[in-house]
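Listing of final.txt; format and content: compact mmCIF, C-alpha atoms.
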```
# COMPACT_ATOMS: atom_id res chain seq x y z
CA MET A 1064 -103.52 -22.87 46.13
CA PRO A 1065 -102.40 -25.75 43.89
CA ASP A 1066 -102.96 -25.16 40.16
CA TRP A 1067 -105.34 -28.11 40.01
CA VAL A 1068 -107.59 -26.24 42.45
CA ARG A 1069 -107.06 -22.83 40.86
CA TYR A 1070 -108.44 -24.23 37.62
CA GLY A 1071 -110.89 -26.50 39.39
CA ILE A 1072 -114.57 -26.94 38.57
CA TRP A 1073 -116.25 -29.95 40.18
CA TRP A 1074 -118.99 -32.33 39.18
CA HIS A 1075 -120.51 -33.13 42.57
CA ILE A 1076 -122.00 -36.64 42.76
CA TYR A 1077 -123.85 -38.47 45.51
CA PRO A 1078 -122.59 -41.99 44.61
CA LEU A 1079 -125.11 -44.15 46.48
CA GLY A 1080 -127.94 -42.33 44.73
CA PHE A 1081 -126.19 -42.13 41.35
CA VAL A 1082 -125.86 -45.91 41.09
CA GLY A 1083 -129.31 -46.67 42.50
CA ALA A 1084 -128.07 -48.38 45.66
CA GLU A 1085 -130.56 -49.34 48.35
CA ILE A 1086 -130.29 -46.39 50.73
CA ARG A 1087 -132.20 -47.93 53.64
CA PRO A 1088 -131.49 -51.66 53.34
CA THR A 1089 -134.14 -53.95 54.76
CA GLY A 1090 -131.65 -56.81 55.04
CA GLU A 1091 -127.97 -57.31 54.42
CA ARG A 1092 -126.25 -54.58 52.44
CA THR A 1093 -125.28 -56.07 49.09
CA PHE A 1094 -123.81 -55.11 45.74
CA ARG A 1095 -126.53 -54.89 43.12
CA GLY A 1096 -124.35 -54.71 40.03
CA ARG A 1097 -123.77 -50.95 39.93
CA GLY A 1098 -121.00 -49.23 41.89
CA LEU A 1099 -118.13 -46.80 41.51
CA ASP A 1100 -117.17 -48.59 38.29
CA ASP A 1101 -120.32 -47.08 36.78
CA LEU A 1102 -118.82 -43.61 37.18
CA ILE A 1103 -116.01 -44.55 34.81
CA ASP A 1104 -118.50 -44.63 31.93
CA TRP A 1105 -119.41 -41.00 32.78
CA LEU A 1106 -115.91 -39.53 32.82
CA ASP A 1107 -116.00 -38.50 29.16
CA TYR A 1108 -119.35 -36.85 29.83
CA ALA A 1109 -117.84 -34.96 32.77
CA ARG A 1110 -114.81 -33.93 30.71
CA ASP A 1111 -117.06 -32.75 27.86
CA LEU A 1112 -119.14 -30.80 30.37
CA GLY A 1113 -115.94 -28.95 31.16
CA VAL A 1114 -115.29 -29.94 34.75
CA SER A 1115 -111.84 -30.81 36.04
CA GLY A 1116 -112.73 -33.42 38.62
CA LEU A 1117 -115.27 -35.34 40.66
CA LEU A 1118 -116.41 -34.30 44.12
CA LEU A 1119 -117.88 -37.46 45.59
CA GLY A 1120 -120.38 -37.77 48.41
CA PRO A 1121 -119.68 -40.45 51.04
CA ILE A 1122 -118.36 -43.75 49.70
CA PHE A 1123 -117.32 -45.59 52.88
CA GLU A 1124 -119.09 -48.45 54.63
CA SER A 1125 -122.23 -47.13 56.28
CA SER A 1126 -125.57 -48.33 57.56
CA SER A 1127 -127.71 -46.34 55.14
CA HIS A 1128 -127.15 -42.96 53.45
CA GLY A 1129 -123.37 -42.77 53.83
CA TYR A 1130 -123.26 -40.30 56.69
CA ASP A 1131 -123.71 -43.01 59.33
CA THR A 1132 -120.24 -44.47 58.78
CA LEU A 1133 -119.29 -47.98 59.90
CA ASP A 1134 -115.74 -48.14 58.55
CA HIS A 1135 -113.77 -45.23 57.07
CA MET A 1136 -111.09 -47.55 55.73
CA HIS A 1137 -113.26 -49.47 53.28
CA VAL A 1138 -115.54 -48.53 50.40
CA ASP A 1139 -119.16 -49.54 50.88
CA VAL A 1140 -120.02 -52.97 49.49
CA ARG A 1141 -123.00 -51.33 47.75
CA LEU A 1142 -120.49 -49.29 45.72
CA GLY A 1143 -118.32 -52.28 44.78
CA GLY A 1144 -115.72 -52.20 47.54
CA ASP A 1145 -112.14 -50.97 47.65
CA GLN A 1146 -111.05 -52.28 44.25
CA ALA A 1147 -113.82 -50.31 42.56
CA PHE A 1148 -112.35 -47.15 44.07
CA ASP A 1149 -108.90 -48.06 42.76
CA ARG A 1150 -110.29 -48.53 39.26
CA LEU A 1151 -112.13 -45.20 39.39
CA ALA A 1152 -109.06 -43.37 40.70
CA GLU A 1153 -106.93 -44.81 37.91
CA ALA A 1154 -109.52 -43.90 35.28
CA CYS A 1155 -109.70 -40.34 36.62
CA ARG A 1156 -105.92 -40.03 36.41
CA ASP A 1157 -106.00 -41.27 32.82
CA LYS A 1158 -108.57 -38.58 31.95
CA GLY A 1159 -106.73 -35.82 33.84
CA LEU A 1160 -109.56 -35.53 36.38
CA GLN A 1161 -109.06 -35.00 40.10
CA LEU A 1162 -110.96 -36.87 42.81
CA VAL A 1163 -112.14 -35.24 46.06
CA LEU A 1164 -113.75 -37.35 48.80
CA ASP A 1165 -116.35 -36.63 51.47
CA GLY A 1166 -114.89 -37.04 54.97
CA VAL A 1167 -117.60 -37.66 57.55
CA PHE A 1168 -115.48 -37.09 60.65
CA ASN A 1169 -117.88 -35.24 62.92
CA HIS A 1170 -119.93 -38.34 63.73
CA VAL A 1171 -120.31 -42.04 62.98
CA GLY A 1172 -123.23 -44.43 62.72
CA ARG A 1173 -124.63 -45.91 65.92
CA ASP A 1174 -123.51 -49.36 64.74
CA HIS A 1175 -119.87 -48.29 64.45
CA PRO A 1176 -117.63 -50.48 66.67
CA ALA A 1177 -116.35 -47.37 68.48
CA VAL A 1178 -119.88 -46.72 69.75
CA ARG A 1179 -120.19 -50.27 71.01
CA ALA A 1180 -116.82 -50.03 72.77
CA ALA A 1181 -117.86 -46.79 74.46
CA LEU A 1182 -121.21 -48.13 75.66
CA GLU A 1183 -119.56 -51.29 77.00
CA GLY A 1184 -116.76 -49.33 78.65
CA ASP A 1185 -114.19 -51.48 76.87
CA SER A 1186 -110.91 -49.60 77.31
CA THR A 1187 -108.99 -52.45 75.66
CA SER A 1188 -110.86 -52.10 72.36
CA PRO A 1189 -108.85 -50.75 69.41
CA TRP A 1190 -111.75 -48.30 69.05
CA ALA A 1191 -111.53 -46.97 72.61
CA GLY A 1192 -111.23 -43.18 72.84
CA LEU A 1193 -113.12 -42.30 69.64
CA VAL A 1194 -116.52 -41.88 71.31
CA ARG A 1195 -117.27 -40.48 74.75
CA THR A 1196 -120.20 -41.31 77.02
CA THR A 1197 -121.65 -39.42 79.96
CA PRO A 1198 -123.83 -40.83 82.76
CA GLY A 1199 -127.51 -40.46 82.12
CA PRO A 1200 -130.22 -39.79 84.73
CA ASP A 1201 -130.48 -43.53 85.40
CA GLY A 1202 -126.72 -43.94 85.64
CA GLN A 1203 -126.49 -45.62 82.24
CA PRO A 1204 -124.02 -44.26 79.65
CA THR A 1205 -125.47 -41.79 77.15
CA LEU A 1206 -124.07 -40.55 73.86
CA ALA A 1207 -123.85 -37.13 72.26
CA VAL A 1208 -125.54 -37.19 68.85
CA PHE A 1209 -125.48 -34.95 65.79
CA GLU A 1210 -128.33 -32.43 65.65
CA GLY A 1211 -130.74 -34.75 67.45
CA HIS A 1212 -130.24 -37.68 65.09
CA ASP A 1213 -130.07 -40.70 67.39
CA ARG A 1214 -128.34 -42.83 64.73
CA LEU A 1215 -125.49 -40.32 64.26
CA VAL A 1216 -123.12 -40.40 67.24
CA ASP A 1217 -120.58 -37.62 67.75
CA LEU A 1218 -116.91 -38.47 67.78
CA ASP A 1219 -114.91 -37.22 70.75
CA HIS A 1220 -112.93 -34.39 69.17
CA SER A 1221 -111.10 -33.64 72.42
CA SER A 1222 -109.43 -37.06 72.25
CA PRO A 1223 -105.96 -37.42 70.69
CA VAL A 1224 -107.10 -40.87 69.59
CA THR A 1225 -109.72 -39.25 67.35
CA ALA A 1226 -107.22 -36.82 65.86
CA ALA A 1227 -104.81 -39.66 65.09
CA TYR A 1228 -107.58 -41.77 63.58
CA VAL A 1229 -108.88 -39.02 61.29
CA THR A 1230 -105.33 -38.19 60.19
CA ARG A 1231 -104.74 -41.85 59.35
CA VAL A 1232 -107.95 -42.09 57.32
CA MET A 1233 -107.24 -38.93 55.34
CA ASP A 1234 -103.67 -39.99 54.59
CA HIS A 1235 -104.77 -43.46 53.55
CA TRP A 1236 -107.14 -42.30 50.82
CA LEU A 1237 -104.88 -39.49 49.61
CA ASP A 1238 -102.18 -42.12 49.20
CA ARG A 1239 -104.64 -44.36 47.37
CA GLY A 1240 -105.57 -41.78 44.74
CA ALA A 1241 -107.71 -38.98 46.15
CA SER A 1242 -106.60 -35.37 45.71
CA GLY A 1243 -108.53 -33.69 48.50
CA TRP A 1244 -111.29 -33.78 51.07
CA ARG A 1245 -114.61 -32.16 51.85
CA LEU A 1246 -115.08 -32.18 55.63
CA ASP A 1247 -118.72 -32.92 56.32
CA ALA A 1248 -120.48 -30.91 59.05
CA ALA A 1249 -117.30 -28.97 59.75
CA TYR A 1250 -119.45 -26.25 61.31
CA ALA A 1251 -120.26 -28.68 64.14
CA THR A 1252 -116.62 -29.50 64.94
CA ASP A 1253 -114.51 -27.04 66.93
CA PRO A 1254 -111.84 -25.55 64.62
CA SER A 1255 -109.16 -26.44 67.17
CA PHE A 1256 -109.64 -30.13 66.34
CA TRP A 1257 -108.53 -29.56 62.77
CA THR A 1258 -105.31 -27.88 63.88
CA LYS A 1259 -104.31 -31.28 65.28
CA VAL A 1260 -105.08 -33.05 62.00
CA LEU A 1261 -104.73 -30.91 58.90
CA PRO A 1262 -101.12 -29.69 59.36
CA GLN A 1263 -100.05 -33.33 59.66
CA VAL A 1264 -101.97 -34.26 56.51
CA LYS A 1265 -100.52 -31.28 54.66
CA ARG A 1266 -96.98 -32.25 55.62
CA SER A 1267 -97.44 -35.55 53.82
CA TYR A 1268 -99.68 -34.22 51.02
CA PRO A 1269 -98.88 -30.52 50.56
CA TYR A 1270 -100.79 -30.28 47.27
CA SER A 1271 -104.02 -31.67 48.65
CA TRP A 1272 -107.05 -29.38 48.99
CA ILE A 1273 -109.25 -29.59 52.08
CA PHE A 1274 -112.44 -27.60 52.57
CA GLY A 1275 -115.15 -27.74 55.19
CA GLU A 1276 -118.92 -27.80 55.00
CA VAL A 1277 -119.85 -24.60 56.84
CA ILE A 1278 -123.43 -23.36 56.62
CA HIS A 1279 -123.29 -20.36 58.93
CA GLY A 1280 -120.80 -18.57 61.13
CA ASP A 1281 -117.67 -16.51 60.58
CA TYR A 1282 -116.24 -18.14 57.47
CA ALA A 1283 -112.89 -16.33 57.51
CA ARG A 1284 -112.32 -17.01 61.21
CA ILE A 1285 -113.16 -20.71 60.80
CA VAL A 1286 -110.73 -21.04 57.89
CA THR A 1287 -107.97 -19.25 59.77
CA GLU A 1288 -108.43 -21.08 63.08
CA SER A 1289 -108.95 -24.55 61.55
CA THR A 1290 -106.19 -24.32 58.89
CA MET A 1291 -108.66 -25.52 56.25
CA ASP A 1292 -108.07 -24.26 52.73
CA SER A 1293 -111.68 -23.19 52.23
CA VAL A 1294 -115.31 -23.60 53.29
CA THR A 1295 -118.61 -23.90 51.45
CA GLU A 1296 -120.24 -20.52 50.91
CA TYR A 1297 -123.88 -21.06 51.73
CA GLU A 1298 -124.39 -17.30 51.93
CA LEU A 1299 -123.79 -16.95 48.20
CA TRP A 1300 -125.94 -19.99 47.39
CA LYS A 1301 -128.87 -18.48 49.28
CA ALA A 1302 -128.45 -15.00 47.84
CA VAL A 1303 -128.31 -16.26 44.25
CA TRP A 1304 -131.56 -18.23 44.26
CA SER A 1305 -133.36 -15.87 46.62
CA SER A 1306 -132.56 -12.76 44.56
CA LEU A 1307 -133.72 -14.42 41.37
CA GLN A 1308 -136.83 -15.87 43.01
CA THR A 1309 -137.98 -12.63 44.65
CA ARG A 1310 -136.66 -10.23 42.00
CA ASN A 1311 -134.49 -8.50 44.56
CA PHE A 1312 -130.93 -8.06 43.34
CA PHE A 1313 -130.09 -5.95 46.39
CA GLU A 1314 -129.63 -9.17 48.36
CA LEU A 1315 -127.17 -10.56 45.82
CA ASP A 1316 -125.28 -7.28 45.64
CA TRP A 1317 -124.91 -7.14 49.44
CA THR A 1318 -123.68 -10.73 49.49
CA LEU A 1319 -121.16 -10.17 46.70
CA HIS A 1320 -119.63 -7.32 48.70
CA ARG A 1321 -119.21 -9.75 51.62
CA HIS A 1322 -117.87 -12.28 49.13
CA ASN A 1323 -115.14 -9.80 48.16
CA GLY A 1324 -114.12 -9.68 51.81
CA PHE A 1325 -113.94 -13.47 52.07
CA LEU A 1326 -111.59 -13.52 49.09
CA ASP A 1327 -109.12 -11.44 51.07
CA THR A 1328 -108.67 -14.44 53.40
CA PHE A 1329 -109.57 -17.53 51.36
CA VAL A 1330 -111.19 -18.66 48.11
CA PRO A 1331 -114.66 -20.07 48.94
CA GLN A 1332 -116.08 -23.28 47.55
CA THR A 1333 -119.15 -22.06 45.65
CA PHE A 1334 -122.25 -23.83 44.37
CA ILE A 1335 -125.91 -23.41 43.43
CA GLY A 1336 -126.87 -27.03 44.17
CA ASN A 1337 -125.79 -29.94 46.31
CA HIS A 1338 -127.05 -33.15 47.93
CA ASP A 1339 -128.74 -31.31 50.82
CA VAL A 1340 -130.84 -28.63 49.10
CA THR A 1341 -133.80 -28.34 46.74
CA ARG A 1342 -132.73 -28.36 43.09
CA ILE A 1343 -132.09 -24.92 41.62
CA ALA A 1344 -134.51 -25.59 38.72
CA SER A 1345 -137.24 -26.43 41.24
CA ARG A 1346 -136.62 -23.26 43.23
CA ILE A 1347 -136.56 -20.72 40.42
CA GLY A 1348 -137.37 -22.47 37.13
CA ALA A 1349 -135.12 -23.51 34.25
CA ASP A 1350 -134.69 -20.04 32.69
CA LYS A 1351 -133.58 -18.40 35.93
CA ALA A 1352 -131.40 -21.42 36.71
CA VAL A 1353 -129.23 -20.40 33.74
CA LEU A 1354 -128.83 -16.95 35.30
CA ALA A 1355 -127.85 -18.58 38.59
CA LEU A 1356 -125.22 -20.62 36.75
CA ALA A 1357 -123.92 -17.48 35.02
CA ILE A 1358 -123.41 -15.84 38.41
CA LEU A 1359 -121.66 -18.92 39.79
CA MET A 1360 -119.27 -19.00 36.84
CA THR A 1361 -118.39 -15.28 36.87
CA VAL A 1362 -117.57 -14.61 40.53
CA GLY A 1363 -114.61 -15.67 42.66
CA GLY A 1364 -114.54 -19.16 44.13
CA VAL A 1365 -113.97 -22.82 43.32
CA PRO A 1366 -117.34 -23.86 41.85
CA SER A 1367 -119.13 -27.20 41.75
CA ILE A 1368 -122.04 -28.45 39.64
CA TYR A 1369 -124.38 -30.91 41.33
CA TYR A 1370 -125.03 -33.91 39.13
CA GLY A 1371 -128.31 -33.57 37.26
CA ASP A 1372 -128.42 -29.77 37.47
CA GLU A 1373 -126.61 -29.72 34.13
CA GLN A 1374 -129.59 -31.68 32.73
CA GLY A 1375 -132.23 -29.45 34.32
CA TYR A 1376 -133.24 -32.06 36.89
CA THR A 1377 -135.83 -31.01 39.44
CA GLY A 1378 -136.26 -32.21 43.00
CA ILE A 1379 -137.61 -30.97 46.32
CA LYS A 1380 -135.89 -31.62 49.63
CA GLU A 1381 -138.35 -32.50 52.40
CA GLU A 1382 -137.78 -32.70 56.15
CA ARG A 1383 -138.83 -36.32 56.65
CA LEU A 1384 -137.37 -39.80 56.44
CA GLY A 1385 -136.42 -40.26 52.81
CA GLY A 1386 -136.83 -36.55 52.17
CA ASP A 1387 -133.47 -36.40 50.40
CA ASP A 1388 -134.21 -39.19 47.92
CA GLU A 1389 -135.68 -36.90 45.25
CA ILE A 1390 -132.56 -34.75 45.13
CA ARG A 1391 -130.21 -37.77 45.11
CA PRO A 1392 -131.52 -39.74 42.12
CA ALA A 1393 -130.13 -42.63 40.13
CA PHE A 1394 -128.49 -41.73 36.83
CA PRO A 1395 -128.77 -43.96 33.74
CA HIS A 1396 -126.09 -46.53 32.98
CA SER A 1397 -124.60 -44.30 30.28
CA PRO A 1398 -124.97 -40.75 28.90
CA ASP A 1399 -126.65 -42.21 25.80
CA GLU A 1400 -129.70 -42.95 27.96
CA LEU A 1401 -130.25 -39.34 29.05
CA SER A 1402 -133.39 -37.60 27.85
CA PRO A 1403 -132.83 -35.14 24.99
CA LEU A 1404 -134.91 -32.63 26.97
CA GLY A 1405 -131.82 -31.85 29.04
CA ALA A 1406 -129.66 -30.93 26.04
CA PRO A 1407 -130.27 -27.13 26.09
CA ILE A 1408 -129.35 -26.69 29.75
CA TYR A 1409 -126.35 -29.01 29.27
CA ARG A 1410 -125.12 -26.79 26.42
CA ALA A 1411 -125.59 -23.71 28.60
CA HIS A 1412 -123.40 -25.38 31.23
CA GLN A 1413 -120.77 -26.17 28.61
CA ASP A 1414 -120.79 -22.57 27.38
CA LEU A 1415 -120.53 -20.99 30.80
CA ILE A 1416 -118.02 -23.48 32.18
CA GLY A 1417 -115.99 -22.93 29.00
CA LEU A 1418 -116.08 -19.17 29.63
CA ARG A 1419 -114.82 -19.80 33.14
CA ARG A 1420 -111.98 -22.03 31.97
CA ARG A 1421 -110.89 -19.45 29.39
CA ASN A 1422 -110.71 -16.86 32.16
CA PRO A 1423 -109.06 -18.72 35.06
CA TRP A 1424 -108.38 -15.44 36.87
CA LEU A 1425 -112.07 -15.51 37.86
CA VAL A 1426 -111.16 -17.85 40.75
CA GLU A 1427 -110.05 -14.79 42.77
CA ALA A 1428 -112.10 -12.11 41.01
CA ARG A 1429 -113.74 -9.30 42.94
CA THR A 1430 -117.03 -7.77 41.82
CA GLU A 1431 -117.93 -4.10 41.36
CA THR A 1432 -121.52 -2.88 41.13
CA LEU A 1433 -122.37 -0.92 37.97
CA THR A 1434 -126.19 -0.91 37.95
CA LEU A 1435 -128.58 -2.01 40.69
CA THR A 1436 -132.36 -2.08 40.83
CA ASN A 1437 -134.73 -4.76 42.10
CA GLU A 1438 -134.95 -6.44 38.70
CA HIS A 1439 -131.80 -5.31 36.91
CA TYR A 1440 -128.22 -5.83 38.07
CA THR A 1441 -124.94 -5.24 36.31
CA TYR A 1442 -121.62 -6.06 37.91
CA ARG A 1443 -118.03 -6.18 36.76
CA SER A 1444 -115.75 -9.03 37.81
CA VAL A 1445 -112.13 -7.89 38.00
CA SER A 1446 -109.01 -10.01 38.37
CA ALA A 1447 -106.99 -9.69 41.58
CA ASP A 1448 -104.26 -7.82 39.71
CA GLY A 1449 -106.72 -5.55 37.90
CA ALA A 1450 -105.53 -6.67 34.48
CA HIS A 1451 -108.72 -8.46 33.36
CA ALA A 1452 -112.44 -7.83 33.64
CA ILE A 1453 -115.79 -9.03 32.37
CA THR A 1454 -119.22 -7.47 32.80
CA VAL A 1455 -122.34 -9.44 33.71
CA ASP A 1456 -125.75 -7.94 33.01
CA LEU A 1457 -128.79 -9.64 34.61
CA ASP A 1458 -132.44 -8.75 34.07
CA VAL A 1459 -135.56 -10.46 35.46
CA SER A 1460 -138.11 -7.76 34.65
CA ASP A 1461 -139.65 -9.92 31.93
CA THR A 1462 -137.94 -12.92 30.31
CA PRO A 1463 -134.88 -13.76 32.42
CA ARG A 1464 -131.85 -12.45 30.56
CA VAL A 1465 -128.08 -12.51 31.06
CA THR A 1466 -125.37 -11.03 28.86
CA ILE A 1467 -121.67 -11.34 29.60
CA THR A 1468 -119.20 -9.07 27.82
CA ASP A 1469 -115.43 -8.66 27.86
CA GLY A 1470 -113.47 -5.47 28.53
CA ASP A 1471 -113.99 -4.32 24.93
CA GLY A 1472 -117.75 -4.82 25.09
CA ARG A 1473 -117.76 -7.98 22.97
CA ALA A 1474 -120.43 -10.49 23.93
CA LEU A 1475 -119.03 -13.66 25.50
CA TYR A 1476 -122.38 -15.22 26.36
CA ARG A 1477 -126.09 -14.47 25.98
CA ASN A 1478 -128.77 -16.86 27.15
CA THR A 1479 -131.12 -15.36 24.52
CA ASP A 1480 -128.85 -16.81 21.81
CA ARG A 1481 -129.57 -20.36 22.91
```

As structure tokens, how would this structure be written, given the file I've shared?
Amino acid sequence: MPDWVRYGIWWHIYPLGFVGAEIRPTGERTFRGRGLDDLIDWLDYARDLGVSGLLLGPIFESSSHGYDTLDHMHVDVRLGGDQAFDRLAEACRDKGLQLVLDGVFNHVGRDHPAVRAALEGDSTSPWAGLVRTTPGPDGQPTLAVFEGHDRLVDLDHSSPVTAAYVTRVMDHWLDRGASGWRLDAAYATDPSFWTKVLPQVKRSYPYSWIFGEVIHGDYARIVTESTMDSVTEYELWKAVWSSLQTRNFFELDWTLHRHNGFLDTFVPQTFIGNHDVTRIASRIGADKAVLALAILMTVGGVPSIYYGDEQGYTGIKEERLGGDDEIRPAFPHSPDELSPLGAPIYRAHQDLIGLRRRNPWLVEARTETLTLTNEHYTYRSVSADGAHAITVDLDVSDTPRVTITDGDGRALYRNTDR
């Protein structure tokens, strides 16, 4: 694991939402005056929050929300185009911040030229071989689509053309200033595909970090078979909010024991919020959200903070067209325009992220159960070499409470002191 990952804490941003781009354009996609350059004005804010880099949602040319890609080689015009990326990458380097990109390589948008070439049977197209068709009942070519979404067409991952294309895209943006990749919908792509891509990428960029979005399945097997560095640990995300919501710490304890096992194979990418789920403050309230953050920052993993969570933003994900909009909001032009109501939760993030950064061994820490009841849970996080430990005491019997102490019993953090 490169040091920049070992010490990594990410600020996860959905760029199209952050800058207020038109997500479902009614006409031509255009630049509205805000793009990736806007993120430059937030880098000091991110640094002061305590994170070490930006984890960006999709930035490439797409028809709407970024996951229906039209061109992986160019930044969306709504985000200011390729030069805006170059300026952001340079600004991140100047601030000592890393930049990880979202690679949507499981599927493309229906308007992608590879889809057109496949439907027309054009074997001479430069896009031939990326998408496969099968004969439909009427003899017309049909396409495989992602999870029933007609506008998201699966790439043909059995094709060497696809493997070469994805390798070329990943190399291009790593060369241009990115440090790593999140592989979108990696759970839907056979791990064998990545064995044709990732070793080649790693040969050229050995210090890159590549992790996959995996919601369910055998995490350790997927990491091993795919050669990814890590995957997203949705199990921990669910156990954290569910245990706090239902006052049932047995679920969290069971999951942390599984988490220890994962750490024997890989270091998971951990989170309590992202662009696809209801905001943590909406699920369990602001007070319990601080407890969720305390758990995230005191167990093994490479954690990310979803933009707005550090300000106590709320938002409900709904299963409908536009149902993600509330959890992917526009941010102000500058931090000065943020509401002061978010200051307490922001300070809690600074305190807990600071604790994490002062104890970098937590990235591979294992947890030991000390006390466990439905409403009270105490665990010890111990470094891989056994030389360091902290104790986390959680209580939801009345006012949600968390206290973190070092090996000598000295308090490192109490939410009741805020």

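The nearest approach to A:Trp1067 among the residues A:Leu1218, A:Leu1457, A:Val1426, A:Ile1390, with all atoms listed in the file taken into account, belongs to A:Val1426.
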
Do you know which residues lie at most 10 Å from (-121.2, -11.6, 25.8), with coordinates as in the file and all atoms listed in the file counted, and could you write them as a ChimeraX atom specification?
/A:1418,1453-1456,1465-1469,1472-1478

So that each row is one residue of stretch 1117-1211 of chain A with an atom at most 6 Å from stretch 1085-1094 of chain A, can you give its shortest atom pair and the distance in Å to one decimal, using all atoms listed in the file, rows by chain and rising number, as CSV?
```
residue,atom,partner,partner_atom,distance
A:Ser1127,CA,A:Arg1087,CA,5.0
A:His1128,CA,A:Ile1086,CA,5.4
A:Val1140,CA,A:Phe1094,CA,5.7
A:Arg1141,CA,A:Phe1094,CA,4.4
```

Using only C-alpha atoms, which protein or nucleic acid residues come within 10 Å of A:Phe1313? Drop anything in the same chain fewer than 2 positions from it, and give the result as a list in words.
Ala1302, Ser1306, Arg1310, Asn1311, Leu1315, Asp1316, Trp1317, Thr1318, Leu1319, Leu1435, Thr1436, Asn1437, Glu1438, His1439 and Tyr1440 of chain A

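Atom CA of A:Ala1355 lies 9.1 Å from atom CA of A:Trp1300.
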
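Nearest to A:Val1216 of all the residues A:Gly1199, A:Gly1184, A:Pro1176, A:Gly1375 is A:Pro1176, counting all atoms listed in the file.
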
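Note that the spacing between atom CA of A:Thr1230 and atom CA of A:Ala1152 amounts to 20.5 Å.
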
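Nearest-residue note for A:Met1064: choosing from A:Thr1361, A:Thr1132, A:Ser1271, A:Thr1341, the minimum distance belongs to A:Ser1271, counting all atoms listed in the file.
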